[in-house]
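Asker: Next comes the structure file my_file24.txt, holding compact mmCIF, C-alpha atoms.
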# COMPACT_ATOMS: atom_id res chain seq x y z
CA MET X 1 123.82 128.74 115.72
CA ASP X 2 120.81 127.03 117.32
CA ALA X 3 120.80 124.97 120.48
CA GLN X 4 120.89 121.73 118.56
CA GLU X 5 124.08 122.76 116.75
CA LYS X 6 125.72 123.76 120.04
CA GLN X 7 124.94 120.44 121.72
CA ARG X 8 126.28 118.18 118.97
CA ARG X 9 129.53 116.41 119.77
CA PRO X 10 132.07 115.73 117.03
CA VAL X 11 133.57 112.25 117.11
CA ALA X 12 137.29 111.47 117.04
CA ILE X 13 137.98 108.71 114.50
CA LYS X 14 141.36 106.96 114.36
CA ASN X 15 141.42 105.10 111.04
CA LEU X 16 139.42 104.07 107.97
CA ALA X 17 138.24 100.79 109.51
CA GLU X 18 136.80 102.68 112.46
CA LEU X 19 135.18 105.18 110.10
CA LYS X 20 133.48 102.38 108.15
CA ARG X 21 132.16 100.83 111.36
CA PHE X 22 130.86 104.21 112.50
CA ILE X 23 128.98 105.22 109.37
CA ARG X 24 125.36 104.03 109.30
CA PRO X 25 122.13 105.45 107.83
CA GLY X 26 121.09 108.44 109.90
CA VAL X 27 124.61 109.53 110.89
CA GLU X 28 125.19 113.26 110.43
CA PHE X 29 128.39 114.96 109.33
CA LYS X 30 129.54 118.31 108.01
CA THR X 31 131.98 119.34 105.29
CA LEU X 32 134.55 121.70 106.79
CA TYR X 33 136.47 122.21 103.56
CA HIS X 34 136.12 121.07 99.95
CA ALA X 35 138.41 122.06 97.11
CA ASN X 36 135.85 121.31 94.39
CA HIS X 37 132.53 122.03 96.13
CA ALA X 38 132.81 125.20 98.14
CA ASP X 39 129.00 125.36 98.19
CA MET X 40 128.98 122.18 100.28
CA VAL X 41 131.05 123.68 103.13
CA GLY X 42 129.02 124.14 106.32
CA LEU X 43 126.07 122.02 105.17
CA THR X 44 125.04 119.18 107.46
CA ARG X 45 124.51 115.93 105.59
CA VAL X 46 122.73 112.76 106.66
CA VAL X 47 123.94 109.32 105.58
CA THR X 48 121.14 107.53 103.70
CA THR X 49 122.72 104.39 102.21
CA VAL X 50 125.93 102.56 103.11
CA GLN X 51 127.70 100.27 100.67
CA THR X 52 130.98 98.37 100.80
CA THR X 53 132.86 100.93 98.72
CA GLY X 54 131.20 104.14 99.89
CA PHE X 55 128.00 105.83 101.03
CA TYR X 56 125.26 108.19 99.89
CA SER X 57 124.13 111.25 101.83
CA LYS X 58 121.60 114.07 101.56
CA ILE X 59 121.50 117.60 102.89
CA ARG X 60 119.63 117.65 106.19
CA ASP X 61 116.14 119.19 105.94
CA GLN X 62 116.70 120.07 102.26
CA PRO X 63 115.27 117.18 100.19
CA GLU X 64 115.19 119.32 97.01
CA HIS X 65 118.82 120.44 97.26
CA PRO X 66 120.90 119.37 94.19
CA PHE X 67 123.17 117.35 96.49
CA SER X 68 120.08 115.52 97.80
CA THR X 69 118.49 114.76 94.43
CA CYS X 70 121.59 113.75 92.47
CA ASN X 71 122.36 110.14 91.48
CA HIS X 72 118.69 109.47 90.63
CA GLY X 73 117.53 110.65 94.04
CA LYS X 74 119.99 108.64 96.14
CA GLY X 75 122.02 111.72 97.05
CA PHE X 76 125.72 112.66 96.99
CA TYR X 77 128.10 109.70 96.75
CA THR X 78 131.32 109.54 98.79
CA ASP X 79 133.83 106.81 97.99
CA PHE X 80 135.73 105.24 100.90
CA GLY X 81 138.89 104.83 98.82
CA LYS X 82 142.08 103.50 100.43
CA ALA X 83 143.40 103.95 103.95
CA GLY X 84 146.48 105.76 102.66
CA ASN X 85 144.32 108.58 101.33
CA TYR X 86 143.23 109.64 104.84
CA LEU X 87 144.60 111.87 107.56
CA PHE X 88 142.79 111.46 110.89
CA ASP X 89 143.36 114.64 112.94
CA GLY X 90 141.33 114.39 116.11
CA THR X 91 137.70 114.97 115.13
CA THR X 92 138.61 116.05 111.59
CA VAL X 93 138.78 113.48 108.81
CA LYS X 94 140.95 114.76 105.95
CA VAL X 95 141.00 113.08 102.54
CA LYS X 96 143.85 113.57 100.05
CA ASP X 97 143.37 114.38 96.38
CA THR X 98 144.72 111.29 94.59
CA ARG X 99 144.47 112.96 91.19
CA ASN X 100 147.09 115.63 91.95
CA LYS X 101 150.78 114.90 92.39
CA ASP X 102 151.13 117.08 95.46
CA ARG X 103 148.37 114.93 97.09
CA GLY X 104 146.96 117.90 98.95
CA VAL X 105 143.76 117.61 100.97
CA ILE X 106 140.65 117.73 98.76
CA TYR X 107 138.08 117.78 101.57
CA GLU X 108 137.68 117.67 105.34
CA LEU X 109 134.76 116.16 107.24
CA GLU X 110 133.51 116.19 110.80
CA PHE X 111 131.22 113.41 112.06
CA TYR X 112 128.85 113.71 114.99
CA ASP X 113 127.99 111.32 117.78
CA ARG X 114 125.80 108.63 116.26
CA GLU X 115 123.46 108.03 119.18
CA GLN X 116 123.10 111.77 119.76
CA SER X 117 122.33 112.37 116.09
CA ILE X 118 119.65 109.70 115.97
CA ARG X 119 118.08 110.09 119.43
CA GLU X 120 119.00 113.57 120.68
CA ASP X 121 115.49 114.17 122.00
CA THR X 122 111.89 113.40 121.17
CA LYS X 123 111.66 116.13 118.51
CA MET X 124 114.77 114.89 116.74
CA ASP X 125 113.51 111.34 117.10
CA ARG X 126 110.35 112.10 115.17
CA LYS X 127 112.28 113.94 112.50
CA MET X 128 114.68 111.05 112.03
CA VAL X 129 111.89 108.46 112.01
CA ASN X 130 110.07 110.43 109.32
CA PHE X 131 113.32 110.64 107.37
CA ILE X 132 113.80 106.86 107.59
CA LYS X 133 110.20 106.29 106.48
CA GLU X 134 110.79 108.50 103.44
CA GLN X 135 114.02 106.72 102.56
CA PHE X 136 112.68 103.18 102.96
CA PRO X 137 109.06 103.01 101.74
CA PRO X 138 107.27 99.62 101.68
CA GLY X 139 108.59 97.41 98.90
CA THR X 140 112.16 98.74 99.01
CA ARG X 141 114.56 95.86 98.28
CA ILE X 142 117.39 95.44 100.78
CA ARG X 143 120.40 93.13 101.10
CA LEU X 144 121.77 92.60 104.61
CA ASN X 145 125.49 93.11 105.14
CA SER X 146 125.58 92.41 108.88
CA MET X 147 123.22 92.38 111.86
CA GLU X 148 124.09 93.20 115.46
CA ASP X 149 121.39 90.94 116.98
CA PRO X 150 123.43 88.54 119.18
CA TYR X 151 120.69 85.91 119.46
CA HIS X 152 118.86 85.36 116.20
CA PRO X 153 120.56 87.41 113.47
CA ILE X 154 119.68 87.19 109.81
CA SER X 155 122.54 85.77 107.73
CA PRO X 156 124.62 88.31 105.76
CA GLY X 157 123.63 88.40 102.10
CA THR X 158 119.96 87.69 102.82
CA GLU X 159 117.62 89.81 100.72
CA GLY X 160 114.10 90.99 101.37
CA GLU X 161 111.75 93.94 101.08
CA VAL X 162 110.58 96.59 103.51
CA ASP X 163 107.18 95.92 105.08
CA TYR X 164 106.94 99.13 107.12
CA VAL X 165 108.88 101.45 109.44
CA ASP X 166 107.54 101.73 112.99
CA ASP X 167 107.49 104.85 115.16
CA ASP X 168 110.84 103.89 116.70
CA GLY X 169 112.53 103.93 113.29
CA GLN X 170 112.92 100.15 113.06
CA ILE X 171 112.58 98.81 109.53
CA TYR X 172 110.33 95.77 109.58
CA MET X 173 111.21 93.36 106.80
CA LYS X 174 109.72 90.55 104.77
CA TRP X 175 112.90 88.55 104.21
CA ASP X 176 113.00 86.15 101.27
CA ASN X 177 113.68 83.28 103.70
CA GLY X 178 110.36 83.92 105.46
CA ARG X 179 111.71 85.72 108.54
CA THR X 180 110.50 89.14 109.67
CA LEU X 181 113.23 90.38 112.04
CA PRO X 182 113.48 94.19 111.70
CA LEU X 183 116.56 96.23 110.87
CA ALA X 184 117.90 98.85 113.25
CA PRO X 185 119.32 101.81 111.27
CA GLY X 186 122.59 102.92 112.78
CA GLU X 187 123.32 99.42 114.11
CA ASP X 188 122.73 96.96 111.28
CA SER X 189 124.52 97.33 107.96
CA PHE X 190 122.55 96.88 104.75
CA THR X 191 122.45 97.89 101.11
CA VAL X 192 119.44 99.19 99.22
CA LEU X 193 119.01 97.23 96.00
CA PRO X 194 117.61 98.59 92.75
CA PRO X 195 113.85 97.92 92.60
CA LYS X 196 112.77 94.90 90.61
CA LEU X 197 111.68 95.73 87.10
CA SER X 198 108.22 94.71 85.97
CA THR X 199 106.62 94.93 82.55
CA LEU X 200 103.61 97.19 82.13
CA LYS X 201 101.69 96.97 78.86
CA LEU X 202 99.33 99.69 77.73
CA TYR X 203 97.00 98.67 74.92
CA MET X 204 95.55 100.78 72.12
CA PRO X 205 93.35 99.94 69.08
CA LEU X 206 95.37 99.24 65.91
CA THR X 207 94.17 100.06 62.40
CA ALA X 208 95.78 100.16 58.97
CA ASP X 209 95.10 101.16 55.37
CA PHE X 210 95.56 98.23 52.97
CA TYR X 211 96.37 98.93 49.31
CA GLU X 212 96.05 96.12 46.76
CA ARG X 213 97.45 96.06 43.24
CA ASP X 214 95.12 96.05 40.26
CA LYS X 215 95.42 93.76 37.26
CA TYR X 216 98.04 96.07 35.80
CA GLY X 217 100.23 95.85 38.88
CA GLU X 218 99.45 99.40 40.02
CA LEU X 219 98.47 100.23 43.59
CA GLU X 220 94.86 101.20 44.03
CA THR X 221 94.30 104.85 44.90
CA GLU X 222 91.74 104.04 47.61
CA GLY X 223 92.82 101.79 50.43
CA THR X 224 90.73 99.51 52.59
CA GLN X 225 90.80 100.11 56.34
CA LEU X 226 91.61 97.00 58.38
CA ASP X 227 90.91 96.58 62.08
CA GLY X 228 92.81 94.55 64.64
CA ARG X 229 91.14 91.27 63.73
CA ALA X 230 92.07 91.57 60.08
CA LEU X 231 95.62 92.62 60.99
CA ARG X 232 96.44 89.44 62.93
CA VAL X 233 97.98 87.81 59.84
CA TYR X 234 100.41 90.73 59.48
CA ARG X 235 101.74 90.65 63.02
CA ASP X 236 105.33 89.83 62.02
CA GLN X 237 105.52 92.49 59.30
CA ILE X 238 104.07 95.16 61.59
CA THR X 239 106.48 94.21 64.39
CA ASP X 240 109.44 94.55 62.02
CA ALA X 241 108.17 97.97 60.90
CA LEU X 242 107.87 99.16 64.52
CA VAL X 243 111.46 98.09 65.22
CA ARG X 244 112.73 99.83 62.06
CA ASN X 245 110.94 103.02 63.06
CA ARG X 246 112.93 103.34 66.30
CA MET X 247 115.67 105.98 66.38
CA PRO X 248 119.27 105.14 67.40
CA GLU X 249 118.82 107.37 70.47
CA GLU X 250 116.04 105.05 71.66
CA ALA X 251 118.28 101.97 71.95
CA GLU X 252 118.42 102.06 75.74
CA ARG X 253 115.25 103.79 76.98
CA GLY X 254 113.00 103.78 73.95
CA LEU X 255 110.46 106.59 73.98
CA MET X 256 111.56 107.64 77.46
CA TYR X 257 114.71 109.06 75.86
CA TRP X 258 112.58 111.99 74.70
CA TYR X 259 111.02 112.53 78.12
CA LYS X 260 112.73 115.67 79.39
CA ASN X 261 111.23 116.04 82.89
CA THR X 262 113.37 115.03 85.85
CA ASP X 263 110.67 113.54 88.07
CA ASP X 264 109.44 110.27 89.58
CA LEU X 265 107.99 109.10 86.27
CA ASP X 266 111.38 109.48 84.59
CA ARG X 267 113.02 107.60 87.47
CA LYS X 268 110.50 104.75 87.56
CA VAL X 269 109.86 104.10 83.85
CA ARG X 270 113.19 102.80 82.58
CA SER X 271 112.05 102.23 79.01
CA ALA X 272 108.95 102.26 76.80
CA VAL X 273 108.61 100.93 73.24
CA PHE X 274 105.71 100.45 70.86
CA THR X 275 104.99 96.88 69.83
CA VAL X 276 101.94 94.70 69.03
CA ASP X 277 100.18 91.90 70.88
CA VAL X 278 97.38 89.48 69.98
CA ARG X 279 94.56 89.29 72.52
CA ASP X 280 91.22 87.59 72.00
CA GLY X 281 91.85 87.15 68.27
CA THR X 282 92.68 90.82 67.77
CA LEU X 283 96.01 92.51 67.07
CA TRP X 284 96.47 95.45 69.43
CA GLY X 285 99.03 98.19 69.52
CA ALA X 286 100.94 98.07 72.80
CA ALA X 287 103.37 100.29 74.68
CA GLU X 288 105.66 97.90 76.56
CA CYS X 289 107.17 99.64 79.58
CA LEU X 290 109.83 98.47 82.03
CA VAL X 291 108.91 99.95 85.41
CA ALA X 292 110.95 100.04 88.61
CA GLY X 293 108.57 99.62 91.54
CA GLY X 294 104.99 100.76 91.00
CA LEU X 295 103.31 103.81 89.52
CA THR X 296 100.78 105.92 91.37
CA ALA X 297 97.44 106.58 89.68
CA ALA X 298 98.61 110.10 88.79
CA GLU X 299 101.88 108.78 87.35
CA LEU X 300 100.03 106.19 85.27
CA GLU X 301 97.79 108.87 83.78
CA GLN X 302 100.87 111.00 83.12
CA LEU X 303 102.52 108.08 81.31
CA LYS X 304 99.40 107.43 79.24
CA GLU X 305 99.24 111.07 78.20
CA TYR X 306 102.92 111.08 77.24
CA LEU X 307 102.62 107.90 75.14
CA THR X 308 99.40 109.13 73.52
CA GLY X 309 101.34 112.13 72.25
CA HIS X 310 103.92 109.86 70.63
CA ALA X 311 101.26 107.58 69.13
CA ALA X 312 99.31 110.50 67.64
CA ASP X 313 102.18 112.73 66.52
CA GLY X 314 105.87 112.45 65.86
CA TRP X 315 106.69 108.78 66.31
CA GLY X 316 103.31 107.41 65.27
CA GLU X 317 102.97 109.92 62.43
CA HIS X 318 106.32 108.85 61.00
CA LEU X 319 105.29 105.18 61.25
CA GLU X 320 102.04 105.60 59.33
CA GLN X 321 103.94 107.14 56.41
CA GLN X 322 106.14 104.04 56.04
CA GLU X 323 104.86 101.38 53.67
CA ILE X 324 104.86 97.79 54.92
CA LEU X 325 105.15 95.32 52.07
CA VAL X 326 102.90 92.27 52.36
CA GLU X 327 101.75 89.51 50.00
CA ASN X 328 101.52 90.05 46.21
CA GLY X 329 103.25 93.43 46.45
CA CYS X 330 100.40 94.95 48.45
CA GLU X 331 101.16 97.71 50.95
CA LEU X 332 100.02 98.35 54.48
CA TYR X 333 100.12 101.68 56.37
CA VAL X 334 99.63 101.24 60.10
CA HIS X 335 98.05 103.70 62.56
CA LEU X 336 98.82 103.50 66.28
CA TRP X 337 96.31 106.29 66.87
CA ASN X 338 93.03 107.29 65.30
CA PRO X 339 90.52 110.01 66.19
CA ASP X 340 87.54 107.67 66.59
CA ASN X 341 86.86 105.73 69.78
CA TRP X 342 90.55 105.51 70.71
CA SER X 343 92.04 105.04 74.15
CA ILE X 344 95.17 103.68 75.79
CA GLN X 345 94.53 101.34 78.71
CA THR X 346 96.24 98.86 80.99
CA GLU X 347 95.69 95.15 80.50
CA GLN X 348 93.27 95.12 83.42
CA GLU X 349 91.31 98.08 82.10
CA ARG X 350 91.18 96.76 78.55
CA PHE X 351 90.53 93.04 78.98
CA ALA X 352 89.26 92.29 82.49
CA PRO X 353 85.57 91.37 82.66
CA LYS X 354 83.55 94.45 83.55
CA LEU X 355 80.46 94.51 85.74
CA ALA X 356 77.37 95.80 84.04
CA GLU X 357 76.47 99.36 84.89
CA GLY X 358 73.39 100.14 86.93
CA LEU X 359 73.69 97.33 89.50
CA PRO X 360 73.00 98.06 93.17
CA PRO X 361 75.54 97.02 95.80
CA LEU X 362 73.00 94.63 97.37
CA CYS X 363 69.55 93.17 96.78
CA PHE X 364 67.20 90.59 98.34
CA SER X 365 65.83 87.46 96.69
CA THR X 366 64.56 83.97 97.54
CA LEU X 367 65.99 80.53 96.79
CA PRO X 368 64.05 78.72 94.04
CA GLY X 369 63.99 75.40 95.93
CA THR X 370 63.29 76.31 99.56
CA GLY X 371 61.96 79.85 99.25
CA ALA X 372 64.44 81.04 101.90
CA LEU X 373 65.20 84.78 102.02
CA ILE X 374 68.73 85.59 100.81
CA CYS X 375 71.01 88.58 100.11
CA ILE X 376 73.06 88.99 96.93
CA LYS X 377 76.09 91.28 96.79
CA MET X 378 77.24 92.80 93.53
CA GLY X 379 80.35 91.13 92.08
CA GLU X 380 80.27 88.14 94.44
CA SER X 381 79.36 84.56 93.55
CA GLY X 382 76.60 82.83 95.47
CA TYR X 383 74.45 84.39 98.17
CA TYR X 384 74.21 85.18 101.90
CA PRO X 385 71.38 83.78 104.10
CA SER X 386 69.23 86.53 105.60
CA ASN X 387 68.53 86.68 109.33
CA TRP X 388 65.01 87.83 108.45
CA SER X 389 64.13 84.60 106.62
CA THR X 390 60.99 82.78 107.83
CA ASP X 391 59.57 79.30 107.25
CA ASP X 392 56.96 80.78 104.90
CA PRO X 393 58.22 81.12 101.26
CA GLN X 394 55.40 83.55 100.39
CA GLN X 395 56.27 85.79 103.33
CA ASN X 396 59.94 85.67 102.28
CA ARG X 397 59.02 86.81 98.75
CA GLU X 398 57.09 89.70 100.25
CA LEU X 399 60.06 90.58 102.48
CA ALA X 400 62.38 90.53 99.46
CA ASP X 401 60.05 92.86 97.52
CA TYR X 402 59.66 95.15 100.53
CA ASN X 403 63.43 95.44 101.21
CA ASN X 404 64.28 95.90 97.53
CA GLU X 405 61.72 98.69 97.30
CA ARG X 406 63.29 100.40 100.32
CA LEU X 407 66.74 100.04 98.71
CA GLY X 408 65.49 101.38 95.37
CA VAL X 409 66.21 98.09 93.60
CA THR X 410 64.12 97.56 90.47
CA GLN X 411 62.85 94.20 89.23
CA ALA X 412 65.32 94.34 86.31
CA GLN X 413 68.20 94.95 88.71
CA ARG X 414 67.10 92.07 90.94
CA LEU X 415 66.97 89.67 87.98
CA ALA X 416 70.40 90.84 86.81
CA MET X 417 71.87 90.35 90.30
CA GLU X 418 70.42 86.83 90.50
CA CYS X 419 71.94 85.92 87.14
CA GLY X 420 75.34 87.46 87.93
CA SER X 421 75.63 85.66 91.27
CA MET X 422 75.00 82.28 89.61
CA HIS X 423 76.42 82.53 86.09
CA GLY X 424 79.08 85.26 86.28
CA TRP X 425 79.00 89.03 86.27
CA ASP X 426 80.28 89.32 82.69
CA THR X 427 77.33 87.48 81.17
CA PRO X 428 74.60 89.38 79.25
CA GLY X 429 72.03 88.36 81.87
CA ALA X 430 73.92 90.33 84.53
CA ASP X 431 72.96 93.57 82.78
CA PRO X 432 69.71 95.21 83.95
CA GLY X 433 69.27 96.60 80.46
CA TYR X 434 68.71 93.07 79.17
CA TYR X 435 65.50 92.81 81.22
CA GLU X 436 64.45 96.41 80.72
CA GLN X 437 64.30 95.68 76.99
CA LYS X 438 62.85 92.21 77.39
CA MET X 439 60.86 91.88 80.60
CA GLY X 440 59.52 88.46 81.26
CA GLY X 441 62.94 86.86 80.88
CA MET X 442 64.48 84.61 83.52
CA LYS X 443 62.89 84.70 86.95
CA PHE X 444 63.78 82.76 90.04
CA ASP X 445 60.80 83.31 92.30
Take the structure in this file and express it as structure tokens.
Answerer:
Amino acid sequence: MDAQEKQRRPVAIKNLAELKRFIRPGVEFKTLYHANHADMVGLTRVVTTVQTTGFYSKIRDQPEHPFSTCNHGKGFYTDFGKAGNYLFDGTTVKVKDTRNKDRGVIYELEFYDREQSIREDTKMDRKMVNFIKEQFPPGTRIRLNSMEDPYHPISPGTEGEVDYVDDDGQIYMKWDNGRTLPLAPGEDSFTVLPPKLSTLKLYMPLTADFYERDKYGELETEGTQLDGRALRVYRDQITDALVRNRMPEEAERGLMYWYKNTDDLDRKVRSAVFTVDVRDGTLWGAAECLVAGGLTAAELEQLKEYLTGHAADGWGEHLEQQEILVENGCELYVHLWNPDNWSIQTEQERFAPKLAEGLPPLCFSTLPGTGALICIKMGESGYYPSNWSTDDPQQNRELADYNNERLGVTQAQRLAMECGSMHGWDTPGADPGYYEQKMGGMKFD
């Protein structure tokens, strides 16, 4: 037994109401006896979430322990139950087994001094603060049950999201009512809410083989490949085919039903289904995902890889073997995946205007009207006046050429930067290649 274990003081609790008031996130307790979980006996647990009907806890210093990772990572759940189910024997809290007629004790718990557990010393302080930061990352949704602040408390029932946790373990909030008063774990009572679900769409090129009927009513042996633009008119038929292709097991989670890893991606992505969407006059294949919270860059790539597998094999392969009947008895066979120039991308990656490649971060130029020396920054509209500008337009042009040469900016790049800053960075004139192929185009000096 280490010094910390020796110094801890068990707390005498008199009744269930007192127990509920005592339990807060960060409180430590130990299982002295358990009829069903002998492997839990002797393990120190830390309360992580307190609800009206019970609380969640994790094994101290063992985040990967099965009792810490169960219930989708929230930890082991203990139900408060009814007052008649308890025996309070000094510092031992005994709970009866309500499922057996003899109502024997099913488990015994011992709780430790709350203030001592949370602020035993500086070393324990840091450990607990780190624990709180792990449990309540920015963006965590919280509903307040009660606040001990006697002067300006937040009203019970108010919801908000975590902004950050400071080095004292206080949880600074962005409350929905605009206030920012922090929570004090161990003093204020609150409930962690499920993260809000958002829709993430991943887009992929859609193609299909189209088979017409000849004058004898027979299907042609060679089909015609249609791209997304030609497939727009068949959106409804393709959507129906995608729905029919779903398995009964996919009713709740879609393709995530077949995801067999127990990890953060499985926890965050609640469902994923293939569908179609029209963008810019083109019908695209789309994986529509319901996501709790946000995905890291690594998790997004992992999701893309997983969905690519389903589009290329298995699910997508079964779809492309199913005929879709269209006008005049013709048939359509849709491909979510193809081996040529295929990718799966987010909406931002697929459709957002992209800056031309080969642009420098900054270049110098002169204003057409005044000849003043200016700076242009890639991706930004307009310009910045230069502190080196003089009253002589010719000298300013020479300064612009001199500085661009030092920066390694070519004439084509300068012209492209001038065009992008005035007309938009997604226009053809914002591409240096436009001028490299056709020098003598637009000039502003």
Asker: Excluding X:Asp391 and its own-chain neighbours fewer than 3 positions away, which residues fall within 9 Å of it when counting all atoms listed in the file? Please give them as a ChimeraX atom specification.
Answerer: /X:371-372,395-396
Asker: Counting only C-alpha atoms, which of X:Met417, X:Ile324, X:Tyr306, X:Trp315 gets nearest to X:Phe364?
Answerer: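 The shortest atom-to-atom distance to X:Phe364 comes from X:Met417.
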Asker: Measuring between only C-alpha atoms, which one of X:Gly358, X:Leu367, X:Tyr107, X:Thr275 shows the shortest distance to X:His37?
Answerer: X:Tyr107
Asker: Show me, as a VMD selection string, the residues that have an atom within 7 Å of stretch 375-377 of chain X when counting only C-alpha atoms, minus same-chain residues fewer than 3 positions from it.
Answerer: chain X and resid 361 to 365 380 383 to 386 417
Asker: At most 10 Å is the cut-off: for each residue in stretch 188-268 of chain X with any atom that close to an atom of stretch 153-164 of chain X, write down the nearest atom pair and the distance in Å rounded to one decimal, counting all atoms listed in the file, chain first then increasing number, as JSON lines.
Answerer:
{"residue": "X:Ser189", "atom": "CA", "partner": "X:Pro156", "partner_atom": "CA", "distance": 9.3}
{"residue": "X:Phe190", "atom": "CA", "partner": "X:Pro156", "partner_atom": "CA", "distance": 8.9}
{"residue": "X:Thr191", "atom": "CA", "partner": "X:Glu159", "partner_atom": "CA", "distance": 9.4}
{"residue": "X:Val192", "atom": "CA", "partner": "X:Glu161", "partner_atom": "CA", "distance": 9.5}
{"residue": "X:Leu193", "atom": "CA", "partner": "X:Glu159", "partner_atom": "CA", "distance": 8.9}
{"residue": "X:Pro195", "atom": "CA", "partner": "X:Glu161", "partner_atom": "CA", "distance": 9.6}
Asker: Residues within 10 Å of (112.7, 94.7, 90.7), file coordinates, counting only C-alpha atoms: what are they? Give the list as JSON, numbers by chain.
Answerer: {"X": [139, 140, 141, 193, 194, 195, 196, 197, 198, 290, 291, 292, 293, 294]}
Asker: May I have the residues within 9 Å of stretch 327-334 of chain X as a VMD selection string, using all atoms listed in the file and disregarding those fewer than 4 positions away in the same chain?
Answerer: chain X and resid 206 to 213 217 219 223 238 316 319 to 323
Asker: For a test of reading the model, state the distance in Å between atom CA of X:Asp166 and atom CA of X:Thr180, rounded to one decimal.
Answerer: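 Those two atoms sit 13.4 Å apart.
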Asker: Taking all atoms listed in the file into account, name the residue in X:Pro25, X:Gly408, X:Pro339, X:Pro63 that is nearest to X:Pro360.
Answerer: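 Of the candidates, the smallest distance to X:Pro360 is held by X:Gly408.
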Asker: With a distance cut-off of 12 Å and all atoms listed in the file, select the neighbouring residues of stretch 9-23 of chain X, excluding the residue or stretch itself and same-chain residues fewer than 2 positions from it, and output the selection as a ChimeraX atom specification.
Answerer: /X:4-7,25-30,46-57,78-95,109-117,120,145-146,148,185-190
Asker: Would you work out the distance separating atom CA of X:Arg235 from atom CA of X:Leu200, expressed in Å to one decimal?
Answerer: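 One can read the atom CA of X:Arg235 to atom CA of X:Leu200 distance as 20.3 Å.
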Asker: Excluding same-chain residues fewer than 4 positions from stretch 341-355 of chain X, what lies within 7 Å of it counting all atoms listed in the file, as a list in words?
Answerer: Lys201, Leu202, Tyr203, Met204, Pro205, Lys304, Trp337, Trp425 and Asp426 of chain X
